[in-house]
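One file, run07.cif, carrying mmCIF, C-alpha atoms and all ligand atoms:
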data_work
loop_
_atom_site.group_PDB
_atom_site.id
_atom_site.type_symbol
_atom_site.label_atom_id
_atom_site.label_comp_id
_atom_site.auth_asym_id
_atom_site.auth_seq_id
_atom_site.Cartn_x
_atom_site.Cartn_y
_atom_site.Cartn_z
ATOM 1 C CA MET A 1 -129.891 41.259 172.187
ATOM 2 C CA SER A 2 -131.907 38.887 170.031
ATOM 3 C CA SER A 3 -135.147 40.699 170.825
ATOM 4 C CA SER A 4 -137.179 41.230 167.696
ATOM 5 C CA ARG A 5 -137.600 45.017 168.028
ATOM 6 C CA MET A 6 -134.526 47.097 168.406
ATOM 7 C CA THR A 7 -133.386 50.662 168.099
ATOM 8 C CA VAL A 8 -131.097 50.386 165.084
ATOM 9 C CA LEU A 9 -128.571 53.035 164.070
ATOM 10 C CA VAL A 10 -127.760 52.988 160.344
ATOM 11 C CA VAL A 11 -124.331 54.452 159.571
ATOM 12 C CA GLY A 12 -124.269 55.251 155.857
ATOM 13 C CA ALA A 13 -128.047 55.696 155.788
ATOM 14 C CA THR A 14 -128.132 57.970 152.744
ATOM 15 C CA GLY A 15 -126.202 55.482 150.597
ATOM 16 C CA SER A 16 -127.419 53.022 147.987
ATOM 17 C CA ILE A 17 -127.443 50.169 150.523
ATOM 18 C CA GLY A 18 -128.046 52.222 153.661
ATOM 19 C CA GLY A 19 -131.300 53.666 152.333
ATOM 20 C CA LEU A 20 -132.576 50.139 151.721
ATOM 21 C CA VAL A 21 -131.392 49.095 155.193
ATOM 22 C CA VAL A 22 -133.422 51.943 156.688
ATOM 23 C CA GLU A 23 -136.482 50.855 154.696
ATOM 24 C CA GLU A 24 -136.054 47.191 155.598
ATOM 25 C CA ALA A 25 -135.458 47.870 159.299
ATOM 26 C CA VAL A 26 -138.599 50.036 159.462
ATOM 27 C CA ARG A 27 -140.503 47.262 157.662
ATOM 28 C CA GLN A 28 -139.292 44.718 160.217
ATOM 29 C CA GLY A 29 -140.663 46.873 163.041
ATOM 30 C CA HIS A 30 -137.432 48.311 164.398
ATOM 31 C CA THR A 31 -137.022 51.873 165.581
ATOM 32 C CA VAL A 32 -134.574 53.244 163.053
ATOM 33 C CA ARG A 33 -132.103 56.035 163.519
ATOM 34 C CA ALA A 34 -130.368 57.276 160.388
ATOM 35 C CA LEU A 35 -127.010 59.023 160.623
ATOM 36 C CA VAL A 36 -126.751 61.792 158.015
ATOM 37 C CA ARG A 37 -123.973 64.266 157.404
ATOM 38 C CA SER A 38 -126.269 67.233 156.964
ATOM 39 C CA PRO A 39 -129.971 67.779 157.668
ATOM 40 C CA GLY A 40 -130.573 68.445 153.950
ATOM 41 C CA LYS A 41 -129.580 64.862 153.177
ATOM 42 C CA ALA A 42 -132.400 63.549 155.351
ATOM 43 C CA ARG A 43 -134.707 64.317 152.420
ATOM 44 C CA ARG A 44 -133.207 61.285 150.660
ATOM 45 C CA LEU A 45 -134.313 58.923 153.401
ATOM 46 C CA PRO A 46 -137.284 56.619 153.252
ATOM 47 C CA PRO A 47 -140.078 57.610 155.642
ATOM 48 C CA GLY A 48 -140.206 56.308 159.194
ATOM 49 C CA ALA A 49 -136.660 56.918 160.395
ATOM 50 C CA GLN A 50 -135.382 59.277 163.068
ATOM 51 C CA VAL A 51 -132.640 61.499 161.738
ATOM 52 C CA VAL A 52 -129.459 62.232 163.620
ATOM 53 C CA VAL A 53 -126.794 64.507 162.201
ATOM 54 C CA GLY A 54 -123.165 63.424 162.456
ATOM 55 C CA ASP A 55 -119.999 62.817 160.505
ATOM 56 C CA VAL A 56 -118.062 59.641 161.211
ATOM 57 C CA THR A 57 -114.757 61.446 160.724
ATOM 58 C CA ARG A 58 -115.679 63.832 163.566
ATOM 59 C CA PRO A 59 -115.979 61.765 166.757
ATOM 60 C CA GLU A 60 -117.459 64.679 168.713
ATOM 61 C CA THR A 61 -120.593 64.517 166.518
ATOM 62 C CA LEU A 62 -121.424 60.861 167.283
ATOM 63 C CA ALA A 63 -122.498 60.774 170.952
ATOM 64 C CA GLY A 64 -126.171 61.494 170.226
ATOM 65 C CA ALA A 65 -126.265 58.955 167.420
ATOM 66 C CA VAL A 66 -125.333 55.991 169.619
ATOM 67 C CA ASP A 67 -127.336 56.971 172.683
ATOM 68 C CA GLY A 68 -129.852 54.234 173.490
ATOM 69 C CA VAL A 69 -129.162 52.057 170.433
ATOM 70 C CA ASP A 70 -129.437 48.259 170.534
ATOM 71 C CA ALA A 71 -127.796 47.704 167.172
ATOM 72 C CA VAL A 72 -125.650 49.407 164.546
ATOM 73 C CA VAL A 73 -125.560 48.617 160.820
ATOM 74 C CA PHE A 74 -122.517 49.970 158.976
ATOM 75 C CA THR A 75 -122.861 50.574 155.236
ATOM 76 C CA LEU A 76 -120.278 53.319 154.823
ATOM 77 C CA GLY A 77 -118.673 54.000 151.479
ATOM 78 C CA SER A 78 -115.898 56.388 150.533
ATOM 79 C CA ASP A 79 -115.706 55.465 146.870
ATOM 80 C CA GLY A 80 -113.762 58.006 144.866
ATOM 81 C CA ALA A 81 -111.981 59.418 147.919
ATOM 82 C CA GLY A 82 -108.934 57.166 147.485
ATOM 83 C CA ARG A 83 -106.662 56.013 150.268
ATOM 84 C CA VAL A 84 -107.548 58.884 152.587
ATOM 85 C CA GLY A 85 -111.264 58.164 152.270
ATOM 86 C CA ALA A 86 -110.726 54.457 152.772
ATOM 87 C CA GLU A 87 -108.802 55.083 155.973
ATOM 88 C CA THR A 88 -110.867 57.922 157.414
ATOM 89 C CA VAL A 89 -114.378 56.771 156.446
ATOM 90 C CA ASP A 90 -114.483 53.001 155.768
ATOM 91 C CA TYR A 91 -112.092 52.255 158.618
ATOM 92 C CA GLY A 92 -112.040 55.393 160.759
ATOM 93 C CA GLY A 93 -115.826 55.619 160.719
ATOM 94 C CA VAL A 94 -116.168 52.173 162.248
ATOM 95 C CA ARG A 95 -113.438 52.933 164.801
ATOM 96 C CA ASN A 96 -115.096 56.211 165.812
ATOM 97 C CA VAL A 97 -118.589 54.758 166.148
ATOM 98 C CA LEU A 98 -117.221 51.879 168.256
ATOM 99 C CA ALA A 99 -115.452 54.426 170.455
ATOM 100 C CA ALA A 100 -118.689 56.405 170.796
ATOM 101 C CA LEU A 101 -120.496 53.214 171.856
ATOM 102 C CA GLY A 102 -117.970 52.866 174.704
ATOM 103 C CA SER A 103 -119.130 50.217 177.138
ATOM 104 C CA ARG A 104 -122.669 49.969 175.718
ATOM 105 C CA GLN A 105 -123.792 46.576 174.491
ATOM 106 C CA ALA A 106 -124.913 46.631 170.880
ATOM 107 C CA ARG A 107 -125.412 44.125 168.094
ATOM 108 C CA LEU A 108 -123.324 45.012 165.044
ATOM 109 C CA ALA A 109 -123.720 44.295 161.343
ATOM 110 C CA LEU A 110 -120.891 45.446 159.094
ATOM 111 C CA MET A 111 -120.924 45.474 155.296
ATOM 112 C CA THR A 112 -117.510 45.228 153.633
ATOM 113 C CA SER A 113 -116.926 43.570 150.254
ATOM 114 C CA ILE A 114 -116.229 40.368 148.430
ATOM 115 C CA GLY A 115 -112.482 40.253 147.681
ATOM 116 C CA VAL A 116 -111.663 42.160 150.880
ATOM 117 C CA THR A 117 -108.658 39.906 151.538
ATOM 118 C CA ASN A 118 -107.212 40.477 148.055
ATOM 119 C CA ARG A 119 -104.222 42.674 148.779
ATOM 120 C CA THR A 120 -102.504 42.378 145.410
ATOM 121 C CA GLY A 121 -105.329 43.276 143.024
ATOM 122 C CA ASP A 122 -105.194 46.555 141.077
ATOM 123 C CA TYR A 123 -108.077 48.060 143.045
ATOM 124 C CA ASN A 124 -106.439 47.564 146.432
ATOM 125 C CA ARG A 125 -103.022 48.664 145.212
ATOM 126 C CA ARG A 126 -104.561 51.873 143.968
ATOM 127 C CA THR A 127 -106.913 52.667 146.867
ATOM 128 C CA GLU A 128 -106.055 50.357 149.802
ATOM 129 C CA ALA A 129 -109.829 50.108 150.123
ATOM 130 C CA CYS A 130 -109.772 46.342 150.690
ATOM 131 C CA ASP A 131 -107.099 46.644 153.373
ATOM 132 C CA TRP A 132 -108.947 49.392 155.236
ATOM 133 C CA LYS A 133 -112.264 47.581 155.046
ATOM 134 C CA ARG A 134 -110.577 44.456 156.346
ATOM 135 C CA ARG A 135 -109.099 46.459 159.191
ATOM 136 C CA SER A 136 -112.602 47.684 160.012
ATOM 137 C CA GLU A 137 -113.661 44.022 160.186
ATOM 138 C CA ARG A 138 -110.819 43.425 162.628
ATOM 139 C CA LEU A 139 -112.004 46.257 164.872
ATOM 140 C CA VAL A 140 -115.493 44.785 164.944
ATOM 141 C CA ARG A 141 -114.166 41.327 165.854
ATOM 142 C CA ALA A 142 -111.895 42.819 168.515
ATOM 143 C CA SER A 143 -114.774 44.789 170.037
ATOM 144 C CA GLY A 144 -116.158 41.697 171.739
ATOM 145 C CA LEU A 145 -119.650 42.784 170.699
ATOM 146 C CA PRO A 146 -121.912 40.341 168.884
ATOM 147 C CA TYR A 147 -121.549 40.885 165.154
ATOM 148 C CA THR A 148 -122.202 39.708 161.627
ATOM 149 C CA ILE A 149 -119.920 40.740 158.755
ATOM 150 C CA VAL A 150 -121.397 40.642 155.261
ATOM 151 C CA ARG A 151 -119.095 40.802 152.223
ATOM 152 C CA PRO A 152 -121.405 41.345 149.261
ATOM 153 C CA GLY A 153 -120.653 40.607 145.634
ATOM 154 C CA TRP A 154 -121.273 43.101 142.832
ATOM 155 C CA PHE A 155 -124.374 45.170 143.521
ATOM 156 C CA ASP A 156 -127.350 44.638 141.226
ATOM 157 C CA TYR A 157 -125.332 42.775 138.582
ATOM 158 C CA ASN A 158 -127.645 39.817 139.130
ATOM 159 C CA LYS A 159 -129.937 38.742 136.301
ATOM 160 C CA PRO A 160 -133.676 38.983 137.029
ATOM 161 C CA ASN A 161 -133.805 35.265 137.926
ATOM 162 C CA GLU A 162 -130.747 35.341 140.224
ATOM 163 C CA HIS A 163 -132.018 35.640 143.784
ATOM 164 C CA ARG A 164 -131.026 32.354 145.367
ATOM 165 C CA LEU A 165 -128.697 33.358 148.185
ATOM 166 C CA VAL A 166 -125.302 31.722 148.558
ATOM 167 C CA LEU A 167 -123.243 32.498 151.654
ATOM 168 C CA ARG A 168 -119.593 31.598 151.106
ATOM 169 C CA GLN A 169 -116.537 31.726 153.363
ATOM 170 C CA GLY A 170 -112.790 31.995 152.743
ATOM 171 C CA ASP A 171 -113.016 34.929 150.302
ATOM 172 C CA GLU A 172 -111.353 32.993 147.520
ATOM 173 C CA ARG A 173 -112.793 34.820 144.517
ATOM 174 C CA HIS A 174 -110.387 37.526 143.462
ATOM 175 C CA ALA A 175 -111.109 38.259 139.799
ATOM 176 C CA GLY A 176 -112.183 41.774 140.773
ATOM 177 C CA ASP A 177 -115.182 41.714 138.448
ATOM 178 C CA PRO A 178 -118.783 40.427 138.591
ATOM 179 C CA SER A 179 -117.581 36.874 137.889
ATOM 180 C CA ASP A 180 -116.717 36.873 141.623
ATOM 181 C CA GLY A 181 -120.425 36.998 142.411
ATOM 182 C CA VAL A 182 -123.452 39.244 142.126
ATOM 183 C CA ILE A 183 -126.252 40.220 144.476
ATOM 184 C CA ALA A 184 -129.247 42.540 144.548
ATOM 185 C CA ARG A 185 -128.899 45.585 146.771
ATOM 186 C CA ARG A 186 -132.262 44.862 148.381
ATOM 187 C CA GLN A 187 -131.116 41.381 149.420
ATOM 188 C CA ILE A 188 -127.957 42.794 151.020
ATOM 189 C CA ALA A 189 -130.116 45.133 153.083
ATOM 190 C CA GLU A 190 -132.434 42.316 154.090
ATOM 191 C CA ILE A 191 -129.556 40.088 155.232
ATOM 192 C CA LEU A 192 -127.931 42.890 157.220
ATOM 193 C CA VAL A 193 -131.154 43.632 159.083
ATOM 194 C CA ARG A 194 -132.149 39.976 159.575
ATOM 195 C CA SER A 195 -128.719 39.170 160.990
ATOM 196 C CA LEU A 196 -129.323 41.543 163.904
ATOM 197 C CA THR A 197 -131.944 39.309 165.487
ATOM 198 C CA SER A 198 -130.444 35.952 164.550
ATOM 199 C CA PRO A 199 -128.273 34.207 167.166
ATOM 200 C CA GLN A 200 -127.231 31.852 164.335
ATOM 201 C CA ALA A 201 -125.646 34.811 162.521
ATOM 202 C CA GLU A 202 -123.477 35.846 165.458
ATOM 203 C CA ARG A 203 -119.703 35.904 164.970
ATOM 204 C CA LYS A 204 -120.197 34.907 161.333
ATOM 205 C CA THR A 205 -118.375 36.471 158.362
ATOM 206 C CA PHE A 206 -119.408 35.563 154.834
ATOM 207 C CA GLU A 207 -119.386 36.547 151.200
ATOM 208 C CA LEU A 208 -122.917 37.110 149.932
ATOM 209 C CA VAL A 209 -123.827 36.317 146.325
ATOM 210 C CA ALA A 210 -126.853 35.012 144.456
ATOM 211 C CA THR A 211 -127.344 32.398 141.762
ATOM 212 C CA ALA A 212 -130.260 31.381 139.579
ATOM 213 C CA GLY A 213 -133.375 30.607 141.564
ATOM 214 C CA ALA A 214 -135.822 32.122 143.982
ATOM 215 C CA ALA A 215 -134.798 33.767 147.249
ATOM 216 C CA GLN A 216 -135.000 31.536 150.298
ATOM 217 C CA GLN A 217 -137.682 32.701 152.730
ATOM 218 C CA ASP A 218 -136.009 31.335 155.853
ATOM 219 C CA LEU A 219 -132.479 32.670 156.355
ATOM 220 C CA GLU A 220 -131.796 30.767 159.567
ATOM 221 C CA PRO A 221 -130.533 27.570 157.890
ATOM 222 C CA LEU A 222 -128.167 29.687 155.783
ATOM 223 C CA PHE A 223 -126.721 31.421 158.822
ATOM 224 C CA ALA A 224 -126.614 28.160 160.801
ATOM 225 C CA ALA A 225 -124.586 26.352 158.137
ATOM 226 C CA LEU A 226 -121.700 28.841 158.419
ATOM 227 C CA ASP A 227 -118.616 28.413 160.583
ATOM 228 C CA ALA A 228 -118.214 31.076 163.262
ATOM 229 C CA ASP A 229 -115.056 33.139 163.475
ATOM 230 C CA PRO A 230 -112.781 31.679 166.170
ATOM 231 C CA PRO A 231 -113.181 33.514 169.492
ATOM 232 C CA GLY A 232 -110.532 36.212 169.835
ATOM 233 C CA SER A 233 -109.508 35.971 166.177
ATOM 234 C CA LEU A 234 -108.978 39.167 164.196
ATOM 235 C CA ASP A 235 -109.638 37.456 160.883
ATOM 236 C CA ALA A 236 -112.586 35.530 159.552
ATOM 237 C CA VAL A 237 -112.576 31.784 159.755
ATOM 238 C CA HIS A 238 -111.025 30.342 156.551
ATOM 239 C CA ASP A 239 -109.484 33.676 155.478
ATOM 240 C CA THR A 240 -105.981 33.651 154.021
ATOM 241 C CA ALA A 241 -103.516 34.853 156.663
ATOM 242 C CA ASN A 242 -101.924 37.541 154.495
ATOM 243 C CA MET A 243 -102.149 40.548 156.834
ATOM 244 C CA PRO A 244 -99.734 39.855 159.710
ATOM 245 C CA LEU A 245 -100.445 42.058 162.706
ATOM 246 C CA GLU A 246 -96.749 42.765 163.284
ATOM 247 C CA GLU A 247 -96.553 44.343 159.814
ATOM 248 C CA GLU A 248 -99.572 46.560 160.353
ATOM 249 C CA PRO A 249 -99.132 50.338 160.810
ATOM 250 C CA GLN A 250 -98.605 51.314 164.440
ATOM 251 C CA ARG A 251 -101.767 53.475 164.435
ATOM 252 C CA VAL A 252 -103.826 50.447 163.420
ATOM 253 C CA ARG A 253 -102.332 48.324 166.198
ATOM 254 C CA ASP A 254 -103.006 51.149 168.648
ATOM 255 C CA ASP A 255 -106.664 51.275 167.558
ATOM 256 C CA LEU A 256 -106.976 47.517 168.075
ATOM 257 C CA ASP A 257 -105.459 47.830 171.557
ATOM 258 C CA THR A 258 -107.946 50.575 172.398
ATOM 259 C CA VAL A 259 -110.882 48.451 171.250
ATOM 260 C CA VAL A 260 -109.653 45.394 173.170
ATOM 261 C CA GLN A 261 -109.182 47.467 176.324
ATOM 262 C CA GLY A 262 -112.718 48.806 175.870
ATOM 263 C CA ARG A 263 -113.955 45.213 175.725
ATOM 264 C CA ARG A 264 -112.198 44.353 178.986
ATOM 265 C CA SER A 265 -114.043 47.196 180.687
ATOM 266 C CA HIS A 266 -117.454 45.988 179.371
HETATM 267 N N1 LIG B 301 -120.753 48.534 144.035
HETATM 268 C C1 LIG B 301 -120.519 47.244 144.281
HETATM 269 O O1 LIG B 301 -120.782 46.342 143.460
HETATM 270 C C2 LIG B 301 -119.942 46.870 145.613
HETATM 271 C C3 LIG B 301 -119.785 45.527 145.950
HETATM 272 C C4 LIG B 301 -119.303 45.181 147.212
HETATM 273 C C5 LIG B 301 -118.977 46.183 148.124
HETATM 274 N N2 LIG B 301 -119.124 47.483 147.755
HETATM 275 C C6 LIG B 301 -118.767 48.505 148.736
HETATM 276 O O2 LIG B 301 -119.956 49.157 149.158
HETATM 277 C C7 LIG B 301 -119.685 50.501 149.444
HETATM 278 C C8 LIG B 301 -120.655 51.360 148.712
HETATM 279 O O3 LIG B 301 -121.950 51.173 149.265
HETATM 280 P P1 LIG B 301 -123.074 52.156 148.778
HETATM 281 O O4 LIG B 301 -123.297 51.987 147.309
HETATM 282 O O5 LIG B 301 -124.229 52.045 149.705
HETATM 283 O O6 LIG B 301 -122.307 53.535 149.030
HETATM 284 P P2 LIG B 301 -122.827 55.001 148.821
HETATM 285 O O7 LIG B 301 -124.127 55.013 148.092
HETATM 286 O O8 LIG B 301 -121.680 55.793 148.287
HETATM 287 O O9 LIG B 301 -123.104 55.435 150.328
HETATM 288 C C9 LIG B 301 -122.065 55.679 151.242
HETATM 289 C C10 LIG B 301 -122.673 56.164 152.524
HETATM 290 O O10 LIG B 301 -121.604 56.508 153.411
HETATM 291 C C11 LIG B 301 -121.880 57.832 153.907
HETATM 292 N N3 LIG B 301 -120.686 58.543 154.323
HETATM 293 C C12 LIG B 301 -119.569 58.776 153.596
HETATM 294 N N4 LIG B 301 -118.717 59.527 154.321
HETATM 295 C C13 LIG B 301 -119.318 59.773 155.526
HETATM 296 C C14 LIG B 301 -118.963 60.491 156.687
HETATM 297 N N5 LIG B 301 -117.784 61.137 156.777
HETATM 298 N N6 LIG B 301 -119.821 60.504 157.734
HETATM 299 C C15 LIG B 301 -121.019 59.883 157.667
HETATM 300 N N7 LIG B 301 -121.414 59.184 156.584
HETATM 301 C C16 LIG B 301 -120.580 59.132 155.519
HETATM 302 C C17 LIG B 301 -122.539 58.524 152.735
HETATM 303 O O11 LIG B 301 -123.135 59.718 153.167
HETATM 304 P P3 LIG B 301 -123.429 60.928 152.106
HETATM 305 O O12 LIG B 301 -124.741 60.590 151.472
HETATM 306 O O13 LIG B 301 -123.478 62.117 152.978
HETATM 307 O O14 LIG B 301 -122.286 60.946 151.119
HETATM 308 C C18 LIG B 301 -123.518 57.444 152.326
HETATM 309 O O15 LIG B 301 -124.603 57.421 153.203
HETATM 310 C C19 LIG B 301 -118.291 50.815 148.943
HETATM 311 O O16 LIG B 301 -117.439 50.989 150.036
HETATM 312 C C20 LIG B 301 -117.908 49.612 148.131
HETATM 313 O O17 LIG B 301 -116.550 49.273 148.258
HETATM 314 C C21 LIG B 301 -119.593 47.849 146.531
#

In structure tokens, how does this file's structure come out?
Amino acid sequence: MSSSRMTVLVVGATGSIGGLVVEEAVRQGHTVRALVRSPGKARRLPPGAQVVVGDVTRPETLAGAVDGVDAVVFTLGSDGAGRVGAETVDYGGVRNVLAALGSRQARLALMTSIGVTNRTGDYNRRTEACDWKRRSERLVRASGLPYTIVRPGWFDYNKPNEHRLVLRQGDERHAGDPSDGVIARRQIAEILVRSLTSPQAERKTFELVATAGAAQQDLEPLFAALDADPPGSLDAVHDTANMPLEEEPQRVRDDLDTVVQGRRSH
């Protein structure tokens, strides 16, 4: 799975990060498959990608998308769609694509967000977006598939000289504004795609921000310096344990059981 050329499915390919992921994956020599909700949206894609039509909230549309893939990058976003969007797209989309993968082996890269463990902030109280994104992280960890989870800071709030990557763990910055950390969209895309072929990035979850300085050329030492998530753990290493499984909605626990059972049959 660490081969340098993969068939990579991008879920969220027409988005502000997904489009850059498509471009970056093509640039790195991968065969890229872009999931789009309607053929008309394919016009927004950078050249060089295969287009596959599907909607992550409609599981029956996803079989063709996952056929023959080596890797999946998730950059879904349901911003503006409130709690329902957070559950059905940010979380449900990951659940449905994992279900479509079935027993296939695939390398995963999931983008969530800095502050994803902040349950008491205004944003999460209003939208539950952090909670649902965190639940999507849990599904990915429970899948037993090799993964990297990237929690970016505020997109493109970096100053022109802020490209030095800092990978943090523990998700301790909860201001809910760019003081938590900033990062260029293009660097998020690069990290997501690079993680797919890096054994050092496997089972790693991190917040991604940038500070003053030039971008590092070699990402391997950055990935290598991180602690891996404990095997079998639902949460990232160093995360605050503020989402007890026994208090989770029954449907979420059922989804986790389904994913774990799928892993046993791998
Ligand atoms: N802005 C920030 O500073 C920041 C920082 C950290 C994390 N984030 C998180 O990043 C995410 C936004 O990323 P972005 O800017 O790339 O988002 P975006 O531009 O809104 O893109 C979202 C992608 O998800 C796709 N999508 C939505 N519903 C779908 C469905 N039912 N089936 C298939 N695809 C679907 C969209 O497709 P369509 O084109 O068809 O709509 C689009 O490709 C948000 O969730 C946000 O919480 C943002």

Is it possible to get the axis-aligned box enclosing region 103-120 of chain A (all listed atoms, 5 Å extra per side) as JSON, with centre and edge lengths in Å rounded to one decimal?
{"center_x": -114.0, "center_y": 45.1, "center_z": 161.3, "size_x": 32.9, "size_y": 20.3, "size_z": 41.7}

Find the residues of chain A that sit at most 8 Å from ligand LIG 301 (chain B); for each, write down the nearest two atoms and how far apart they are in Å, to one decimal. Count all atoms listed in the file. Sort by chain, then by number going up, and give it as a tab-separated table.
residue	atom	partner	partner_atom	distance
A:Val11	CA	B:LIG301	N7	6.3
A:Gly12	CA	B:LIG301	O15	3.4
A:Ala13	CA	B:LIG301	O15	4.6
A:Thr14	CA	B:LIG301	O15	3.6
A:Gly15	CA	B:LIG301	O9	3.1
A:Ser16	CA	B:LIG301	O5	3.8
A:Ile17	CA	B:LIG301	O5	3.8
A:Gly18	CA	B:LIG301	O5	5.5
A:Gly19	CA	B:LIG301	O5	7.7
A:Leu35	CA	B:LIG301	C15	6.7
A:Val36	CA	B:LIG301	O13	6.0
A:Arg37	CA	B:LIG301	O13	4.9
A:Ser38	CA	B:LIG301	O13	7.1
A:Lys41	CA	B:LIG301	O12	6.7
A:Gly54	CA	B:LIG301	C15	6.3
A:Asp55	CA	B:LIG301	N6	3.6
A:Val56	CA	B:LIG301	N6	4.0
A:Thr57	CA	B:LIG301	N5	5.0
A:Arg58	CA	B:LIG301	N5	7.6
A:Thr75	CA	B:LIG301	O5	5.9
A:Leu76	CA	B:LIG301	O10	3.7
A:Gly77	CA	B:LIG301	O16	3.6
A:Ser78	CA	B:LIG301	C12	5.3
A:Asp79	CA	B:LIG301	C19	5.7
A:Gly85	CA	B:LIG301	N4	7.8
A:Thr88	CA	B:LIG301	N5	7.7
A:Val89	CA	B:LIG301	N5	5.5
A:Asp90	CA	B:LIG301	O16	6.8
A:Gly93	CA	B:LIG301	N6	7.0
A:Met111	CA	B:LIG301	O2	7.2
A:Thr112	CA	B:LIG301	C5	5.8
A:Ser113	CA	B:LIG301	C5	3.9
A:Ile114	CA	B:LIG301	C4	5.8
A:Ala129	CA	B:LIG301	O17	7.0
A:Cys130	CA	B:LIG301	O17	7.8
A:Lys133	CA	B:LIG301	O16	8.0
A:Arg151	CA	B:LIG301	C4	6.7
A:Pro152	CA	B:LIG301	C4	4.8
A:Gly153	CA	B:LIG301	C3	5.0
A:Trp154	CA	B:LIG301	O1	3.3
A:Phe155	CA	B:LIG301	O1	3.8
A:Asp156	CA	B:LIG301	O1	7.1
A:Tyr157	CA	B:LIG301	O1	7.6
A:Pro178	CA	B:LIG301	O1	7.9
A:Val182	CA	B:LIG301	O1	7.7

Pairwise distance, CA of Asp70 (chain A) with CA of Pro39 (chain A), equals 23.4 Å

Could you spell out the hits of the PyMOL selection byres (((chain A and resi 234-245) around 7) and not hetatm) on the shown file, as an mmCIF file with C-alpha atoms, in the frame of the given file?
data_model
loop_
_atom_site.group_PDB
_atom_site.id
_atom_site.type_symbol
_atom_site.label_atom_id
_atom_site.label_comp_id
_atom_site.auth_asym_id
_atom_site.auth_seq_id
_atom_site.Cartn_x
_atom_site.Cartn_y
_atom_site.Cartn_z
ATOM 1 C CA ARG A 138 -110.819 43.425 162.628
ATOM 2 C CA ARG A 141 -114.166 41.327 165.854
ATOM 3 C CA ALA A 142 -111.895 42.819 168.515
ATOM 4 C CA GLN A 169 -116.537 31.726 153.363
ATOM 5 C CA GLY A 170 -112.790 31.995 152.743
ATOM 6 C CA ASP A 171 -113.016 34.929 150.302
ATOM 7 C CA THR A 205 -118.375 36.471 158.362
ATOM 8 C CA ASP A 227 -118.616 28.413 160.583
ATOM 9 C CA ALA A 228 -118.214 31.076 163.262
ATOM 10 C CA ASP A 229 -115.056 33.139 163.475
ATOM 11 C CA PRO A 230 -112.781 31.679 166.170
ATOM 12 C CA GLY A 232 -110.532 36.212 169.835
ATOM 13 C CA SER A 233 -109.508 35.971 166.177
ATOM 14 C CA GLU A 246 -96.749 42.765 163.284
ATOM 15 C CA GLU A 247 -96.553 44.343 159.814
ATOM 16 C CA GLU A 248 -99.572 46.560 160.353
#

Enumerate, in order of chain and increasing residue number, the residues of region 147-209 of chain A with an atom no farther than 12 Å from region 215-224 of chain A, each with its shortest atom pair and distance in Å to one decimal, counting only C-alpha atoms, as a tab-separated table.
residue	atom	partner	partner_atom	distance
A:Thr148	CA	A:Phe223	CA	9.8
A:Ile149	CA	A:Phe223	CA	11.5
A:Val150	CA	A:Phe223	CA	11.2
A:Pro160	CA	A:Ala215	CA	11.5
A:Asn161	CA	A:Ala215	CA	9.5
A:Glu162	CA	A:Ala215	CA	8.3
A:His163	CA	A:Ala215	CA	4.8
A:Arg164	CA	A:Ala215	CA	4.4
A:Leu165	CA	A:Ala215	CA	6.2
A:Val166	CA	A:Leu222	CA	8.0
A:Leu167	CA	A:Leu222	CA	7.0
A:Arg168	CA	A:Leu222	CA	10.0
A:Gln169	CA	A:Phe223	CA	11.6
A:Ile183	CA	A:Ala215	CA	11.1
A:Ala184	CA	A:Ala215	CA	10.7
A:Arg186	CA	A:Ala215	CA	11.4
A:Gln187	CA	A:Ala215	CA	8.7
A:Ile188	CA	A:Ala215	CA	11.9
A:Glu190	CA	A:Leu219	CA	9.9
A:Ile191	CA	A:Leu219	CA	8.1
A:Leu192	CA	A:Leu219	CA	11.2
A:Val193	CA	A:Leu219	CA	11.4
A:Arg194	CA	A:Leu219	CA	8.0
A:Ser195	CA	A:Phe223	CA	8.3
A:Leu196	CA	A:Phe223	CA	11.6
A:Thr197	CA	A:Glu220	CA	10.4
A:Ser198	CA	A:Glu220	CA	7.3
A:Pro199	CA	A:Phe223	CA	8.9
A:Gln200	CA	A:Ala224	CA	5.1
A:Ala201	CA	A:Phe223	CA	5.1
A:Glu202	CA	A:Phe223	CA	8.6
A:Arg203	CA	A:Phe223	CA	10.4
A:Lys204	CA	A:Phe223	CA	7.8
A:Thr205	CA	A:Phe223	CA	9.8
A:Phe206	CA	A:Phe223	CA	9.3
A:Glu207	CA	A:Phe223	CA	11.8
A:Leu208	CA	A:Leu222	CA	10.8
A:Val209	CA	A:Ala215	CA	11.3

Interatomic distance (Å, one decimal) between CA of Arg5 (chain A) and CA of Gly29 (chain A):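 That distance, rounded to one decimal, is 6.1 Å.
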
* To do: I need the residue set behind the PyMOL selection byres (((chain A and resi 265) around 12) and not hetatm) for this file; please write it as a list in words.
  => Gly102, Ser103, Arg104, Gln105, Ser143, Gly144, Thr258, Val259, Val260, Gln261, Gly262, Arg263, Arg264 and His266 of chain A

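Atom pair CA of Val116 (chain A) / CA of Met6 (chain A) has a distance of 29.2 Å (rounded to one decimal).
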